[in-house]
file final.pdb (PDB, C-alpha atoms)
ATOM      1  CA  MET A   1      12.139  28.534 -34.729
ATOM      2  CA  ALA A   2      13.633  31.667 -33.237
ATOM      3  CA  ARG A   3      10.692  31.981 -30.843
ATOM      4  CA  ASN A   4      11.108  28.400 -29.686
ATOM      5  CA  GLU A   5      14.851  28.798 -29.162
ATOM      6  CA  SER A   6      14.213  31.860 -27.019
ATOM      7  CA  MET A   7      12.535  29.539 -24.496
ATOM      8  CA  VAL A   8      15.705  27.494 -24.151
ATOM      9  CA  ALA A   9      18.396  28.328 -21.595
ATOM     10  CA  MET A  10      21.853  27.331 -22.788
ATOM     11  CA  ASN A  11      25.243  27.490 -21.105
ATOM     12  CA  GLY A  12      27.944  25.863 -23.146
ATOM     13  CA  THR A  13      26.879  22.231 -23.489
ATOM     14  CA  GLN A  14      24.130  22.553 -20.868
ATOM     15  CA  VAL A  15      20.604  22.891 -22.245
ATOM     16  CA  SER A  16      17.503  23.631 -20.166
ATOM     17  CA  TYR A  17      13.886  23.619 -21.293
ATOM     18  CA  ILE A  18      12.014  23.977 -18.017
ATOM     19  CA  GLY A  19       8.388  24.641 -17.144
ATOM     20  CA  HIS A  20       6.757  24.772 -20.584
ATOM     21  CA  ASP A  21       4.160  22.021 -19.971
ATOM     22  CA  CYS A  22       5.218  20.140 -23.091
ATOM     23  CA  LYS A  23       3.960  16.571 -23.390
ATOM     24  CA  ASP A  24       6.675  15.496 -25.836
ATOM     25  CA  ILE A  25      10.249  16.579 -26.392
ATOM     26  CA  PRO A  26      10.064  19.296 -29.077
ATOM     27  CA  ASP A  27      11.661  18.430 -32.396
ATOM     28  CA  PHE A  28      13.668  21.652 -32.482
ATOM     29  CA  LEU A  29      15.510  20.614 -29.304
ATOM     30  CA  SER A  30      16.766  17.459 -30.954
ATOM     31  CA  ASP A  31      17.579  19.169 -34.246
ATOM     32  CA  ARG A  32      19.324  22.186 -32.741
ATOM     33  CA  PHE A  33      21.004  20.853 -29.600
ATOM     34  CA  GLY A  34      21.060  17.059 -29.851
ATOM     35  CA  ARG A  35      24.568  16.744 -31.237
ATOM     36  CA  PHE A  36      26.516  18.769 -28.702
ATOM     37  CA  ALA A  37      24.369  18.801 -25.532
ATOM     38  CA  ARG A  38      26.003  17.051 -22.593
ATOM     39  CA  ARG A  39      23.521  18.080 -19.919
ATOM     40  CA  LEU A  40      19.771  18.351 -20.540
ATOM     41  CA  ASP A  41      17.186  19.593 -18.034
ATOM     42  CA  LEU A  42      13.512  19.021 -18.934
ATOM     43  CA  SER A  43      12.020  19.500 -15.461
ATOM     44  CA  PHE A  44       8.522  20.825 -14.720
ATOM     45  CA  ASN A  45       6.895  19.724 -17.947
ATOM     46  CA  GLN A  46       4.253  17.056 -18.645
ATOM     47  CA  LEU A  47       6.444  14.496 -20.365
ATOM     48  CA  ARG A  48       5.185  10.935 -20.552
ATOM     49  CA  SER A  49       7.884   9.617 -22.885
ATOM     50  CA  LEU A  50      11.618  10.120 -23.426
ATOM     51  CA  ALA A  51      11.860   8.185 -26.682
ATOM     52  CA  ASP A  52      12.795  11.350 -28.612
ATOM     53  CA  LEU A  53      16.111  11.567 -26.773
ATOM     54  CA  LYS A  54      17.697   9.331 -29.388
ATOM     55  CA  ALA A  55      19.271  12.396 -31.045
ATOM     56  CA  PHE A  56      21.166  13.236 -27.817
ATOM     57  CA  THR A  57      23.828  10.588 -28.393
ATOM     58  CA  GLY A  58      26.515  12.260 -26.245
ATOM     59  CA  LEU A  59      24.277  13.035 -23.254
ATOM     60  CA  GLU A  60      25.976  12.656 -19.864
ATOM     61  CA  GLU A  61      23.437  14.206 -17.469
ATOM     62  CA  LEU A  62      19.655  14.100 -17.728
ATOM     63  CA  VAL A  63      17.243  15.835 -15.343
ATOM     64  CA  VAL A  64      13.532  15.125 -15.822
ATOM     65  CA  ASP A  65      12.086  15.942 -12.408
ATOM     66  CA  ASN A  66       8.399  16.835 -11.935
ATOM     67  CA  ASN A  67       6.985  15.208 -15.047
ATOM     68  CA  LEU A  68       4.435  12.439 -15.682
ATOM     69  CA  LEU A  69       6.797   9.580 -16.487
ATOM     70  CA  GLY A  70       5.384   6.180 -15.559
ATOM     71  CA  ASN A  71       6.283   2.515 -15.642
ATOM     72  CA  ASP A  72       6.356   2.502 -19.453
ATOM     73  CA  LEU A  73       9.435   4.742 -19.417
ATOM     74  CA  ARG A  74      11.939   3.788 -22.106
ATOM     75  CA  LEU A  75      15.244   5.501 -22.753
ATOM     76  CA  PRO A  76      17.217   5.170 -25.970
ATOM     77  CA  GLY A  77      20.713   3.801 -25.568
ATOM     78  CA  LEU A  78      22.736   6.470 -23.751
ATOM     79  CA  PRO A  79      26.175   4.907 -23.233
ATOM     80  CA  ASN A  80      27.736   8.047 -21.724
ATOM     81  CA  LEU A  81      24.955   8.960 -19.280
ATOM     82  CA  HIS A  82      26.303   8.988 -15.724
ATOM     83  CA  THR A  83      23.649  11.145 -13.956
ATOM     84  CA  LEU A  84      19.893  10.642 -14.072
ATOM     85  CA  THR A  85      17.298  12.283 -11.829
ATOM     86  CA  LEU A  86      13.681  11.167 -12.092
ATOM     87  CA  ASN A  87      12.340  12.822  -8.941
ATOM     88  CA  LYS A  88       8.603  13.363  -8.533
ATOM     89  CA  ASN A  89       7.225  11.343 -11.395
ATOM     90  CA  GLN A  90       4.754   8.434 -11.433
ATOM     91  CA  LEU A  91       7.101   5.458 -11.181
ATOM     92  CA  THR A  92       5.877   2.524  -9.097
ATOM     93  CA  ASP A  93       7.596  -0.596 -10.504
ATOM     94  CA  ILE A  94      11.154  -0.364  -9.226
ATOM     95  CA  GLU A  95      12.357  -3.712 -10.587
ATOM     96  CA  ALA A  96      11.284  -3.091 -14.195
ATOM     97  CA  LEU A  97      12.829   0.394 -14.123
ATOM     98  CA  LEU A  98      16.187  -0.818 -12.806
ATOM     99  CA  GLU A  99      16.412  -3.627 -15.330
ATOM    100  CA  HIS A 100      15.796  -1.144 -18.136
ATOM    101  CA  LEU A 101      18.375   1.330 -16.804
ATOM    102  CA  ALA A 102      20.976  -1.411 -16.489
ATOM    103  CA  GLU A 103      20.583  -2.044 -20.201
ATOM    104  CA  ALA A 104      20.116   1.513 -21.530
ATOM    105  CA  THR A 105      22.556   3.400 -19.256
ATOM    106  CA  PRO A 106      25.526   1.135 -18.476
ATOM    107  CA  ALA A 107      27.690   4.042 -17.229
ATOM    108  CA  LEU A 108      25.132   5.347 -14.722
ATOM    109  CA  GLU A 109      26.682   6.404 -11.391
ATOM    110  CA  TYR A 110      24.161   8.848  -9.896
ATOM    111  CA  LEU A 111      20.439   8.044  -9.717
ATOM    112  CA  SER A 112      17.659   9.852  -7.845
ATOM    113  CA  LEU A 113      14.078   8.571  -7.601
ATOM    114  CA  LEU A 114      12.738  10.630  -4.691
ATOM    115  CA  GLY A 115       9.058  11.497  -4.823
ATOM    116  CA  ASN A 116       8.018   8.300  -6.629
ATOM    117  CA  GLU A 117       6.084   5.410  -5.102
ATOM    118  CA  ALA A 118       8.938   3.193  -6.236
ATOM    119  CA  CYS A 119      11.126   4.961  -3.669
ATOM    120  CA  PRO A 120       9.737   4.362  -0.129
ATOM    121  CA  ASN A 121      10.976   7.601   1.376
ATOM    122  CA  GLN A 122       9.291   8.898   4.540
ATOM    123  CA  LEU A 123       8.897  12.380   3.093
ATOM    124  CA  VAL A 124       6.428  11.171   0.466
ATOM    125  CA  SER A 125       5.341   7.837   1.992
ATOM    126  CA  PRO A 126       4.404   8.386   5.656
ATOM    127  CA  ASP A 127       3.573   4.684   6.061
ATOM    128  CA  LYS A 128       7.199   3.743   5.300
ATOM    129  CA  ASP A 129      10.121   3.912   7.684
ATOM    130  CA  GLU A 130      13.889   4.041   7.500
ATOM    131  CA  ASP A 131      14.127   0.252   7.313
ATOM    132  CA  ASP A 132      11.945   0.212   4.192
ATOM    133  CA  TYR A 133      14.138   2.859   2.590
ATOM    134  CA  GLN A 134      17.330   0.989   3.447
ATOM    135  CA  ARG A 135      15.978  -2.219   1.942
ATOM    136  CA  TYR A 136      15.131  -0.229  -1.192
ATOM    137  CA  ARG A 137      18.729   0.998  -1.374
ATOM    138  CA  TYR A 138      20.082  -2.551  -1.086
ATOM    139  CA  PHE A 139      17.784  -3.704  -3.881
ATOM    140  CA  VAL A 140      18.728  -0.814  -6.200
ATOM    141  CA  LEU A 141      22.437  -1.404  -5.575
ATOM    142  CA  HIS A 142      21.968  -5.087  -6.295
ATOM    143  CA  LYS A 143      20.522  -4.219  -9.707
ATOM    144  CA  LEU A 144      22.914  -1.310 -10.405
ATOM    145  CA  PRO A 145      26.145  -2.143  -8.520
ATOM    146  CA  GLN A 146      28.134   0.606 -10.248
ATOM    147  CA  LEU A 147      26.150   3.426  -8.564
ATOM    148  CA  LYS A 148      28.141   5.862  -6.403
ATOM    149  CA  PHE A 149      25.206   8.049  -5.318
ATOM    150  CA  LEU A 150      21.588   7.051  -4.778
ATOM    151  CA  ASP A 151      19.048   9.793  -4.138
ATOM    152  CA  THR A 152      20.771  12.173  -1.719
ATOM    153  CA  ARG A 153      23.251   9.746  -0.164
ATOM    154  CA  LYS A 154      26.625   8.474  -1.164
ATOM    155  CA  VAL A 155      26.781   4.703  -1.484
ATOM    156  CA  THR A 156      28.903   3.212   1.301
ATOM    157  CA  LYS A 157      31.096   0.133   1.162
ATOM    158  CA  ARG A 158      28.893  -1.538   3.751
ATOM    159  CA  GLU A 159      25.856  -0.997   1.519
ATOM    160  CA  GLN A 160      27.724  -2.485  -1.408
ATOM    161  CA  ARG A 161      28.547  -5.597   0.616
ATOM    162  CA  GLU A 162      24.971  -5.972   1.869
ATOM    163  CA  ALA A 163      23.582  -5.435  -1.632
ATOM    164  CA  GLU A 164      25.856  -8.102  -3.033
ATOM    165  CA  ALA A 165      24.996 -10.592  -0.298
ATOM    166  CA  ARG A 166      21.279  -9.961   0.277
ATOM    167  CA  GLY A 167      20.088  -7.297  -2.145
ATOM    168  CA  ALA A 168      18.141  -9.740  -4.309
ATOM    169  CA  PHE A 169      15.782 -10.394  -1.384
ATOM    170  CA  MET A 170      15.320  -6.763  -0.341
ATOM    171  CA  LYS A 171      12.636  -5.663  -2.745
ATOM    172  CA  VAL A 172      10.044  -3.592  -0.883
ATOM    173  CA  VAL A 173       6.625  -4.965  -1.769
ATOM    174  CA  LYS A 174       3.785  -2.468  -1.569
ATOM    175  CA  PRO A 175       0.961  -3.963   0.514
ATOM    176  CA  LYS A 176      -2.405  -4.447  -1.100
ATOM    177  CA  SER A 177      -5.048  -1.900  -0.294
ATOM    178  CA  ASP A 178      -7.044  -2.888   2.781
ATOM    179  CA  ARG A 179     -10.219  -1.258   1.540
ATOM    180  CA  LEU A 180     -11.681  -4.668   0.738
ATOM    181  CA  TYR A 181     -11.401  -5.580   4.389
ATOM    182  CA  HIS A 182     -13.605  -2.630   5.288
ATOM    183  CA  GLN A 183     -16.113  -3.190   2.501
ATOM    184  CA  LYS A 184     -16.732  -6.878   3.095
ATOM    185  CA  THR A 185     -18.211  -8.503   6.176
ATOM    186  CA  ILE A 186     -16.164 -11.376   7.508
ATOM    187  CA  GLN A 187     -18.469 -14.224   8.416
ATOM    188  CA  ILE A 188     -17.501 -17.059  10.758
ATOM    189  CA  LYS A 189     -19.193 -20.344   9.981
ATOM    190  CA  MET A 190     -19.263 -22.627  12.980
ATOM    191  CA  ARG A 191     -18.905 -26.333  12.393
ATOM    192  CA  ILE A 192     -18.162 -27.238  16.025
ATOM    193  CA  VAL A 193     -20.303 -26.060  18.921
ATOM    194  CA  PRO A 194     -18.135 -23.718  21.026
ATOM    195  CA  GLN A 195     -17.827 -24.141  24.742
ATOM    196  CA  LYS A 196     -18.882 -20.581  25.489
ATOM    197  CA  ALA A 197     -21.125 -18.421  23.384
ATOM    198  CA  SER A 198     -23.333 -15.425  23.861
ATOM    199  CA  SER A 199     -25.582 -13.561  21.499
ATOM    200  CA  LYS A 200     -26.612  -9.956  21.389
ATOM    201  CA  SER A 201     -28.512  -7.678  19.067
ATOM    202  CA  VAL A 202     -26.698  -4.585  17.801
ATOM    203  CA  GLU A 203     -28.652  -2.125  15.646
ATOM    204  CA  GLY A 204     -30.864  -4.792  14.151
ATOM    205  CA  ARG A 205     -27.999  -7.226  13.417
ATOM    206  CA  GLN A 206     -27.527 -10.530  15.177
ATOM    207  CA  VAL A 207     -23.942 -10.687  16.428
ATOM    208  CA  VAL A 208     -22.395 -13.809  17.883
ATOM    209  CA  SER A 209     -19.262 -13.588  19.994
ATOM    210  CA  LEU A 210     -17.069 -16.661  20.226
ATOM    211  CA  ARG A 211     -14.208 -17.026  22.653
ATOM    212  CA  THR A 212     -11.619 -19.180  20.937
ATOM    213  CA  GLY A 213      -8.403 -19.258  22.892
ATOM    214  CA  CYS A 214      -7.512 -15.701  23.871
ATOM    215  CA  ARG A 215      -9.010 -13.943  20.845
ATOM    216  CA  LEU A 216     -12.577 -12.659  20.547
ATOM    217  CA  GLN A 217     -14.008 -12.982  17.057
ATOM    218  CA  GLU A 218     -17.296 -11.549  15.872
ATOM    219  CA  SER A 219     -19.585 -12.647  13.061
ATOM    220  CA  SER A 220     -22.375 -10.501  11.660
ATOM    221  CA  SER A 221     -25.372 -11.672   9.727
ATOM    222  CA  VAL A 222     -25.412 -11.605   5.971
ATOM    223  CA  PRO A 223     -27.046  -8.412   4.667
ATOM    224  CA  GLY A 224     -30.265  -8.973   2.801
ATOM    225  CA  ASN A 225     -31.209 -12.171   4.607
ATOM    226  CA  PRO A 226     -34.860 -11.975   5.692
ATOM    227  CA  GLY A 227     -35.265 -11.422   9.384
ATOM    228  CA  GLY A 228     -31.647 -10.379   9.753
ATOM    229  CA  GLU A 229     -30.597 -13.946  10.706
ATOM    230  CA  ASP A 230     -27.586 -15.737   9.348
ATOM    231  CA  SER A 231     -28.226 -18.749   7.148
ATOM    232  CA  THR A 232     -25.927 -20.621   9.533
ATOM    233  CA  MET A 233     -27.786 -20.505  12.862
ATOM    234  CA  PRO A 234     -25.379 -19.471  15.639
ATOM    235  CA  TYR A 235     -25.140 -21.678  18.674
ATOM    236  CA  THR A 236     -27.396 -20.858  21.608
ATOM    237  CA  PRO A 237     -28.457 -22.967  24.607
ATOM    238  CA  LEU A 238     -32.060 -21.711  24.296
ATOM    239  CA  PRO A 239     -34.866 -23.747  22.720
ATOM    240  CA  ARG A 240     -35.571 -22.996  19.058
ATOM    241  CA  GLY A 241     -38.671 -20.986  19.915
ATOM    242  CA  SER A 242     -36.786 -18.711  22.307
ATOM    243  CA  ARG A 243     -33.730 -17.737  20.293
ATOM    244  CA  ASP A 244     -34.496 -14.060  20.382
ATOM    245  CA  ALA A 245     -31.984 -12.684  22.871
ATOM    246  CA  LYS A 246     -34.539 -10.106  24.071
ATOM    247  CA  ASN A 247     -37.361 -12.557  24.653
ATOM    248  CA  HIS A 248     -36.199 -14.957  27.351
ATOM    249  CA  LYS A 249     -35.137 -15.157  30.984
ATOM    250  CA  VAL A 250     -32.404 -17.280  32.343
ATOM    251  CA  PHE A 251     -33.353 -19.217  35.471
ATOM    252  CA  GLY A 252     -31.715 -21.659  37.519
ATOM    253  CA  GLN A 253     -28.448 -22.964  38.364
ATOM    254  CA  PRO A 254     -27.896 -26.655  39.132
ATOM    255  CA  GLY A 255     -29.442 -27.529  42.513
ATOM    256  CA  GLY A 256     -32.721 -25.727  41.940
ATOM    257  CA  GLN A 257     -31.667 -22.246  43.103
ATOM    258  CA  PRO A 258     -33.281 -19.483  41.092
ATOM    259  CA  GLY A 259     -30.786 -17.371  39.219
ATOM    260  CA  ARG A 260     -30.730 -13.700  38.251
ATOM    261  CA  ARG A 261     -32.805 -12.574  35.344
ATOM    262  CA  ALA A 262     -30.620 -11.924  32.304
ATOM    263  CA  ALA A 263     -33.208  -9.895  30.415
ATOM    264  CA  ARG A 264     -36.454  -8.207  31.203
ATOM    265  CA  SER A 265     -39.471 -10.100  29.949
ATOM    266  CA  PRO A 266     -41.553  -8.303  27.369
ATOM    267  CA  ARG A 267     -45.263  -7.945  27.743
ATOM    268  CA  GLY A 268     -47.146 -11.145  27.277
ATOM    269  CA  GLY A 269     -44.379 -13.308  28.712
ATOM    270  CA  GLY A 270     -45.868 -13.528  32.279
ATOM    271  CA  ALA A 271     -47.616 -16.856  31.705
ATOM    272  CA  LYS A 272     -44.427 -18.489  30.565
ATOM    273  CA  GLU A 273     -42.528 -17.012  33.515
ATOM    274  CA  ALA A 274     -45.083 -18.370  36.009
ATOM    275  CA  GLU A 275     -44.880 -21.746  34.343
ATOM    276  CA  LEU A 276     -41.118 -21.853  34.658
ATOM    277  CA  ARG A 277     -41.208 -20.727  38.305
ATOM    278  CA  ALA A 278     -43.689 -23.450  39.161
ATOM    279  CA  ALA A 279     -41.191 -25.987  37.943
ATOM    280  CA  VAL A 280     -38.550 -24.728  40.423
ATOM    281  CA  PRO A 281     -38.980 -26.045  44.026
ATOM    282  CA  SER A 282     -39.419 -23.350  46.636
ATOM    283  CA  THR A 283     -36.716 -23.152  49.285
ATOM    284  CA  LYS A 284     -39.299 -22.264  51.931
ATOM    285  CA  GLN A 285     -41.243 -25.467  51.285
ATOM    286  CA  GLY A 286     -38.018 -27.455  51.735
ATOM    287  CA  LEU A 287     -37.673 -25.904  55.181
TER
END

call {"tool": "encode", "arguments": {"input": "final.pdb", "output": "structure tokens"}}
result
Amino acid sequence: MARNESMVAMNGTQVSYIGHDCKDIPDFLSDRFGRFARRLDLSFNQLRSLADLKAFTGLEELVVDNNLLGNDLRLPGLPNLHTLTLNKNQLTDIEALLEHLAEATPALEYLSLLGNEACPNQLVSPDKDEDDYQRYRYFVLHKLPQLKFLDTRKVTKREQREAEARGAFMKVVKPKSDRLYHQKTIQIKMRIVPQKASSKSVEGRQVVSLRTGCRLQESSSVPGNPGGEDSTMPYTPLPRGSRDAKNHKVFGQPGGQPGRRAARSPRGGGAKEAELRAAVPSTKQGL
């Protein structure tokens, strides 16, 4: 017991048990200091629960920064607690936390949640901005209207008015991870023949580009399909036997004028080329 108490820093009614990597609140803290402690600092441990605080009935300030507290956090009833700092924990569900604090700590006036995902601060969430943080403040003040300080800022009268009027709609929703968009191939199934279409082969995949309005959309073939072709055949003006984009030439514009070759004919395609040219009238013969 004496060895354990030597690890505790005490100053009047202030008790500190910092940096001992404890996973639960030690029993000797409750037995020895629970009755008279008014301020308790348990920072830099590995706490996952604060249920053992029930012996600290007169607690007014609680500091539990840099622990492992998550969304299952539950505090015993602490009617006199006015200051609570939960910085740098693992809290993500802001609404559930605030509803619990409103019930367990009715006298709470100072709350700090910096360093948690539940608090969209730019220092720890680079994808968030000042508008996200301000909406978070309105939502917290809507749930806990008696707060005077939130994180590092004093609550203003304007914030109180905004929280009362619109705070219920200011919850910051964390967007879903977009990894699925990178892992899955988006396939466009065409039910109507587009007005303009072109096909090209990119690294063994058949890609069809469709111009719909002002946006260019691309559809890639389904992996694992034999031949690398989509089960839904993309539109092409070529005959069925010539749908390989590398194995045809485009001739002709209306009026019988020969057009530019769109692709170089592979070997073995000379007979077909001569046959197509024979079908086009020569301009010299017309003269």

call {"tool": "atom_distance", "arguments": {"input": "final.pdb", "atom1": "CA of Ala163 (chain A)", "atom2": "CA of Leu147 (chain A)"}}
result
11.5 Å

call {"tool": "closest_residue", "arguments": {"input": "final.pdb", "among": "A:Gly19, A:Gly70, A:Gly77, A:Pro106", "to": "Leu144 (chain A)", "atoms": "all atoms listed in the file"}}
result
A:Pro106

call {"tool": "atom_distance", "arguments": {"input": "final.pdb", "atom1": "CA of Leu81 (chain A)", "atom2": "CA of Gly167 (chain A)"}}
result
24.1 Å

call {"tool": "resolve_selection", "arguments": {"input": "final.pdb", "expression": "the PyMOL selection byres ((chain A and resi 91-104) around 7)", "output": "list in words"}}
result
Leu69, Gly70, Asn71, Leu75, Pro76, Gly77, Leu78, Asn89, Gln90, Thr105, Pro106, Asn116, Glu117, Ala118, Lys143 and Leu144 of chain A

call {"tool": "closest_residue", "arguments": {"input": "final.pdb", "among": "A:Gln46, A:Thr152, A:Gln14, A:Thr57", "to": "Thr85 (chain A)", "atoms": "only C-alpha atoms"}}
result
A:Thr152

call {"tool": "closest_residue", "arguments": {"input": "final.pdb", "among": "A:Asn87, A:Gln146, A:Asn80, A:Ser6", "to": "Ser43 (chain A)", "atoms": "only C-alpha atoms"}}
result
A:Asn87
